[in-house]
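For reference, the structure is listed below as structure tokens.
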Amino acid sequence: MSRLPKQRREVDGQGLLFDDDTADRVLRDAHDPGYVLVGVSESVHTRHIGARAAEHAIPVRPDVATTVHQLIAAGRLLPGSRISVTVDGRPEPEPAVTVDVASTVAGPQPGESVRVFVDVVRPGHGLVTADAFTGAIVRDGSAYLVETDTGHVIGRARSFRAGAERLARHHGLRADSVEIDHEHRDYAR
């Protein structure tokens, strides 16, 4: 039985929580010792270094847990197989799901053109997706802030289209076409 990914949703200010150093460390640690999501609440735990197959799980710091959930939402970490683990202070094993690092697929090469999609989920807030990258464009006064998938602001733009093109250039690509979908209009009725 394969597990379907949870509905991705963004929490206000979530992009501000992303710290590049913490994200890099979490991605390294996802290989060894590895992370597991324990219970229905999917609290993030880790295992002992060098013992990825260990059945004992240790809770992680809140900033690491937040980063793990953000990387899952961004598609850089993926929920894996179901296992049982013991957690400190609990006599019975708990159900858990392993967390795997997303495999890197050969994407567009630098300078190539890509198709970019902007989903405007609410007024002034667009989520950007392409084959090679994701990001966000958020209104800030009369301009828009352009953010990478890690929440790092790379600059300003005058429109969603200009922001999508800027994000593509940031990744060494050219936005061949930019499609903008205003999803929030569908729910305003």
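In the structure tokens, chains take letters A, B, ... by order of appearance, with residues numbered from 1 within each chain and ligands from 1 in the order shown.
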
- Within 12 Å of Asp24 of chain A using only C-alpha atoms, minus same-chain residues under 6 positions, as a list in words: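 Near Asp24 of chain A, the qualifying residues are Phe18, Ala30, His31, Val64, Thr67, Val68, Leu71, Arg76, Leu77, Val101 and Thr150 of chain A.
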
- Item | Close residues, segment 163-177 of chain A itself excluded, 12 Å, only C-alpha atoms, min 2 positions apart in chain, as a VMD selection string | chain A and resid 107 to 120 125 to 139 143 to 149 152 to 161 179 to 180

- Item | Long-range neighbours of Ser84 of chain A as a count of residues only, 6 Å cut-off, only C-alpha atoms, 5 positions minimum in chain | 4

- Item | Point-to-point distance from atom CA of Gly39 of chain A to atom CA of Gly151 of chain A, Å rounded to tenths |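 The value is 27.9 Å.
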
- Just the alpha helix (DSSP H) stuff from segment 26-118 of chain A, please, per backbone DSSP, written as a list in words.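 Those in segment 26-118 of chain A that DSSP calls alpha helix (DSSP H) are Val26, Leu27, Arg28, Asp29, Ala30, His31, Pro62, Asp63, Val64, Ala65, Thr66, Thr67, Val68, His69, Gln70, Leu71, Ile72 and Ala73 of chain A.
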
Using only C-alpha atoms, please write the residues we just selected to a file, as an mmCIF file, in the first residue's frame.
```cif
data_model
loop_
_atom_site.group_PDB
_atom_site.id
_atom_site.type_symbol
_atom_site.label_atom_id
_atom_site.label_comp_id
_atom_site.auth_asym_id
_atom_site.auth_seq_id
_atom_site.Cartn_x
_atom_site.Cartn_y
_atom_site.Cartn_z
ATOM 1 C CA VAL A 26 18.519 18.387 7.802
ATOM 2 C CA LEU A 27 19.076 17.134 4.241
ATOM 3 C CA ARG A 28 22.455 15.644 5.266
ATOM 4 C CA ASP A 29 20.980 14.060 8.400
ATOM 5 C CA ALA A 30 18.063 12.629 6.406
ATOM 6 C CA HIS A 31 20.580 10.207 4.844
ATOM 7 C CA PRO A 62 11.545 22.330 17.178
ATOM 8 C CA ASP A 63 13.528 24.196 14.486
ATOM 9 C CA VAL A 64 14.673 20.907 12.953
ATOM 10 C CA ALA A 65 11.113 19.514 13.076
ATOM 11 C CA THR A 66 9.755 22.627 11.344
ATOM 12 C CA THR A 67 12.446 22.389 8.668
ATOM 13 C CA VAL A 68 11.720 18.681 8.060
ATOM 14 C CA HIS A 69 8.013 19.470 7.527
ATOM 15 C CA GLN A 70 8.893 22.401 5.241
ATOM 16 C CA LEU A 71 11.220 20.221 3.153
ATOM 17 C CA ILE A 72 8.466 17.619 2.857
ATOM 18 C CA ALA A 73 6.036 20.330 1.715
#
```

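Taking only C-alpha atoms into account, Ala74 of chain A lies nearest to A:Ala23 out of the set A:Thr46, A:Glu183, A:Pro33, A:Ala23.
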
- Item | Two-atom distance - atom CA of Leu78 of chain A, atom CA of Pro123 of chain A (Å) |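 Atom-to-atom, atom CA of Leu78 of chain A to atom CA of Pro123 of chain A, that is 29.6 Å.
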
- Task: Work out how far apart atom CA of Pro59 of chain A and atom CA of Ser81 of chain A are and give it in Å to one decimal.
- Result: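 Interatomic distance, atom CA of Pro59 of chain A to atom CA of Ser81 of chain A: 18.9 Å.
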